[in-house]
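Asks: I am sharing upload.cif, which consists of mmCIF, C-alpha atoms:
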data_target
#
loop_
_atom_site.label_atom_id
_atom_site.label_comp_id
_atom_site.auth_asym_id
_atom_site.auth_seq_id
_atom_site.Cartn_x
_atom_site.Cartn_y
_atom_site.Cartn_z
CA MET B 1 0.00 0.00 0.00
CA ALA B 2 1.46 3.35 -1.03
CA LYS B 3 1.96 5.90 1.68
CA ARG B 4 0.25 9.24 1.12
CA PRO B 5 2.63 12.16 0.73
CA GLN B 6 2.77 14.33 3.81
CA PRO B 7 2.18 18.07 3.33
CA ARG B 8 5.02 20.47 3.94
CA ARG B 9 4.46 22.21 7.25
CA ILE B 10 5.69 25.73 7.78
CA THR B 11 5.37 28.33 10.53
CA LEU B 12 4.07 31.80 9.66
CA GLY B 13 3.77 34.41 12.37
CA GLY B 14 3.99 31.75 15.06
CA ARG B 15 1.17 29.69 13.52
CA GLU B 16 1.63 26.34 11.86
CA ALA B 17 0.48 26.18 8.23
CA VAL B 18 0.69 23.82 5.27
CA ALA B 19 2.47 24.82 2.07
CA LEU B 20 1.00 23.56 -1.22
CA THR B 21 2.29 23.87 -4.71
CA VAL B 22 0.00 25.57 -7.23
CA GLU B 23 -0.77 22.16 -8.76
CA GLU B 24 -1.65 20.64 -5.37
CA TYR B 25 -3.86 23.64 -4.56
CA GLU B 26 -5.71 23.34 -7.88
CA GLN B 27 -6.27 19.61 -7.25
CA LEU B 28 -7.63 20.42 -3.80
CA ILE B 29 -10.06 23.02 -5.21
CA ALA B 30 -11.18 20.59 -7.94
CA SER B 31 -11.84 17.89 -5.34
CA ARG B 32 -13.89 20.32 -3.25
CA ARG B 33 -16.00 21.21 -6.30
CA GLN B 34 -16.61 17.53 -7.05
CA ILE B 35 -17.66 16.83 -3.47
CA GLY B 36 -19.97 19.85 -3.52
CA GLY B 37 -21.63 18.60 -6.70
CA GLN B 38 -22.01 15.11 -5.27
CA SER B 39 -23.53 16.51 -2.08
CA ALA B 40 -26.12 18.44 -4.09
CA ARG B 41 -27.01 15.33 -6.12
CA LEU B 42 -27.26 13.30 -2.92
CA ARG B 43 -29.69 15.82 -1.39
CA VAL B 44 -31.87 15.66 -4.52
CA LEU B 45 -31.85 11.84 -4.48
CA ALA B 46 -32.75 11.79 -0.78
CA GLN B 47 -35.67 14.15 -1.44
CA GLN B 48 -36.85 12.00 -4.36
CA ALA B 49 -36.63 8.87 -2.19
CA LYS B 50 -38.77 10.51 0.50
CA GLN B 51 -41.33 11.62 -2.08
CA THR B 52 -41.43 8.13 -3.60
CA GLU B 53 -41.89 6.53 -0.18
CA GLN B 54 -44.75 8.93 0.58
CA PHE B 55 -46.33 8.18 -2.82
CA LEU B 56 -46.13 4.43 -2.21
CA GLU B 57 -47.65 4.78 1.27
CA GLU B 58 -50.54 6.82 -0.14
CA LEU B 59 -51.00 4.36 -3.01
CA GLU B 60 -51.02 1.42 -0.61
CA ALA B 61 -53.63 3.13 1.57
CA LEU B 62 -55.74 3.95 -1.47
CA VAL B 63 -55.56 0.52 -3.06
CA GLY B 64 -55.56 -1.78 -0.04
CA PRO B 65 -56.77 -5.37 -0.36
CA ALA B 66 -60.40 -6.01 -1.28
CA ALA B 67 -62.84 -6.91 1.48
CA GLY B 68 -62.55 -10.57 2.45
CA CYS B 69 -59.31 -11.00 0.54
CA GLY B 70 -56.30 -12.87 1.89
CA ALA B 71 -53.87 -10.72 -0.10
CA ARG B 72 -51.25 -10.83 2.63
CA ARG B 73 -49.88 -13.84 0.77
CA GLY B 74 -51.02 -12.66 -2.63
CA PRO B 75 -53.80 -13.92 -4.84
CA GLY B 76 -54.12 -17.64 -4.35
CA PRO B 77 -55.96 -20.19 -2.23
CA ASP B 78 -56.52 -17.74 0.66
CA CYS B 79 -58.04 -15.08 -1.58
CA SER B 80 -61.75 -14.78 -2.12
CA THR B 81 -63.22 -16.33 -5.25
CA THR B 82 -63.25 -12.81 -6.65
CA CYS B 83 -59.45 -12.69 -6.60
CA GLN B 84 -59.16 -16.10 -8.14
CA ALA B 85 -61.34 -15.11 -11.08
CA ASP B 86 -59.74 -15.36 -14.50
CA GLY B 87 -60.96 -11.95 -15.59
CA THR B 88 -64.11 -13.20 -17.31
CA THR B 89 -66.34 -12.12 -14.42
CA GLY B 90 -67.89 -8.70 -13.83
CA SER B 91 -65.82 -5.53 -13.77
CA ASP B 92 -66.17 -5.00 -9.99
CA GLU B 93 -64.67 -8.44 -9.36
CA THR B 94 -61.81 -7.76 -11.77
CA VAL B 95 -61.09 -4.46 -10.01
CA ASP B 96 -61.04 -6.24 -6.63
CA CYS B 97 -58.58 -8.79 -8.04
CA LEU B 98 -56.38 -5.98 -9.36
CA ARG B 99 -56.56 -4.19 -6.01
CA CYS B 100 -55.36 -7.32 -4.24
CA ALA B 101 -52.52 -7.81 -6.71
CA ILE B 102 -51.35 -4.18 -6.42
CA ALA B 103 -51.59 -4.22 -2.62
CA ASP B 104 -49.58 -7.44 -2.51
CA LEU B 105 -46.96 -6.01 -4.89
CA LEU B 106 -46.56 -2.87 -2.76
CA ARG B 107 -46.29 -4.95 0.41
CA ARG B 108 -43.65 -7.27 -1.08
CA HIS B 109 -41.51 -4.37 -2.30
CA ARG B 110 -41.79 -2.61 1.03
CA ASP B 111 -40.65 -5.81 2.78
CA LEU B 112 -37.67 -6.11 0.40
CA ALA B 113 -36.64 -2.50 1.06
CA SER B 114 -36.67 -3.00 4.84
#
Could you show the structure in this file as structure tokens?
Replies:
Amino acid sequence: MAKRPQPRRITLGGREAVALTVEEYEQLIASRRQIGGQSARLRVLAQQAKQTEQFLEELEALVGPAAGCGARRGPGPDCSTTCQADGTTGSDETVDCLRCAIADLLRRHRDLAS
């Protein structure tokens, strides 16, 4: 492992300081700009993540499983006959099946993110 170069220390007016070459100073300034840009992008991503989480929570509350549905394990044997329908039944039953599927999808992704 290479050892980092140590800065040249000098004393000016009784205070310790570090002397940099012009090239070293320019590299330092460039690094600070990069870190500043990354910090700004990170703040934006964090804000987007919070907004997405809030959206998913609201969507989950809006959709929720259909009444009498066992969507905690997804459409299957525990679901009502409405959820097991193949889509050839009435539109209300198809909507309930879709609600269960969306609620289950949201729940599974939330569990994966935890």
Asks: Please write the residues picked by the PyMOL selection byres ((chain B and resi 110) around 12) on this file as a PDB file with C-alpha atoms, in the coordinates of the input.
Replies:
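The resulting file, part04.pdb, is shown below:
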ATOM      1  CA  THR B  52     -41.430   8.130  -3.600  1.00  0.00           C
ATOM      2  CA  GLU B  53     -41.890   6.530  -0.180  1.00  0.00           C
ATOM      3  CA  GLN B  54     -44.750   8.930   0.580  1.00  0.00           C
ATOM      4  CA  LEU B  56     -46.130   4.430  -2.210  1.00  0.00           C
ATOM      5  CA  GLU B  57     -47.650   4.780   1.270  1.00  0.00           C
ATOM      6  CA  GLU B  60     -51.020   1.420  -0.610  1.00  0.00           C
ATOM      7  CA  ALA B 103     -51.590  -4.220  -2.620  1.00  0.00           C
ATOM      8  CA  ASP B 104     -49.580  -7.440  -2.510  1.00  0.00           C
ATOM      9  CA  LEU B 105     -46.960  -6.010  -4.890  1.00  0.00           C
ATOM     10  CA  LEU B 106     -46.560  -2.870  -2.760  1.00  0.00           C
ATOM     11  CA  ARG B 107     -46.290  -4.950   0.410  1.00  0.00           C
ATOM     12  CA  ARG B 108     -43.650  -7.270  -1.080  1.00  0.00           C
ATOM     13  CA  HIS B 109     -41.510  -4.370  -2.300  1.00  0.00           C
ATOM     14  CA  ASP B 111     -40.650  -5.810   2.780  1.00  0.00           C
ATOM     15  CA  LEU B 112     -37.670  -6.110   0.400  1.00  0.00           C
ATOM     16  CA  ALA B 113     -36.640  -2.500   1.060  1.00  0.00           C
ATOM     17  CA  SER B 114     -36.670  -3.000   4.840  1.00  0.00           C
TER      18      SER B 114
END
Asks: May I ask for the distance between CA of Gln6 in chain B and CA of Glu26 in chain B, given in Å to one decimal place?
Replies: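 Between CA of Gln6 in chain B and CA of Glu26 in chain B the gap works out to 17.0 Å.
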Asks: Work out where the centre of an axis-aligned box around every listed atom of range 52-56 of chain B lies and how long its edges are once 3 Å is added on each side; give both in Å to one decimal as AutoDock Vina command-line options.
Replies:
--center_x -43.9 --center_y 6.7 --center_z -1.5 --size_x 10.9 --size_y 10.5 --size_z 10.2
Asks: If you measure from CA of Leu59 in chain B to CA of Cys97 in chain B, what distance in Å do you get, rounded to one decimal?
Replies: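 Separation between CA of Leu59 in chain B and CA of Cys97 in chain B: 16.0 Å.
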Asks: Please write the residues picked by the PyMOL selection byres ((chain B and resi 7) around 7) on this file as a ChimeraX atom specification.
Replies: /B:5-6,8-9,18-19
Asks: What is the distance, in Å and to one decimal place, between CA of Thr21 in chain B and CA of Ser39 in chain B?
Replies: 27.0 Å
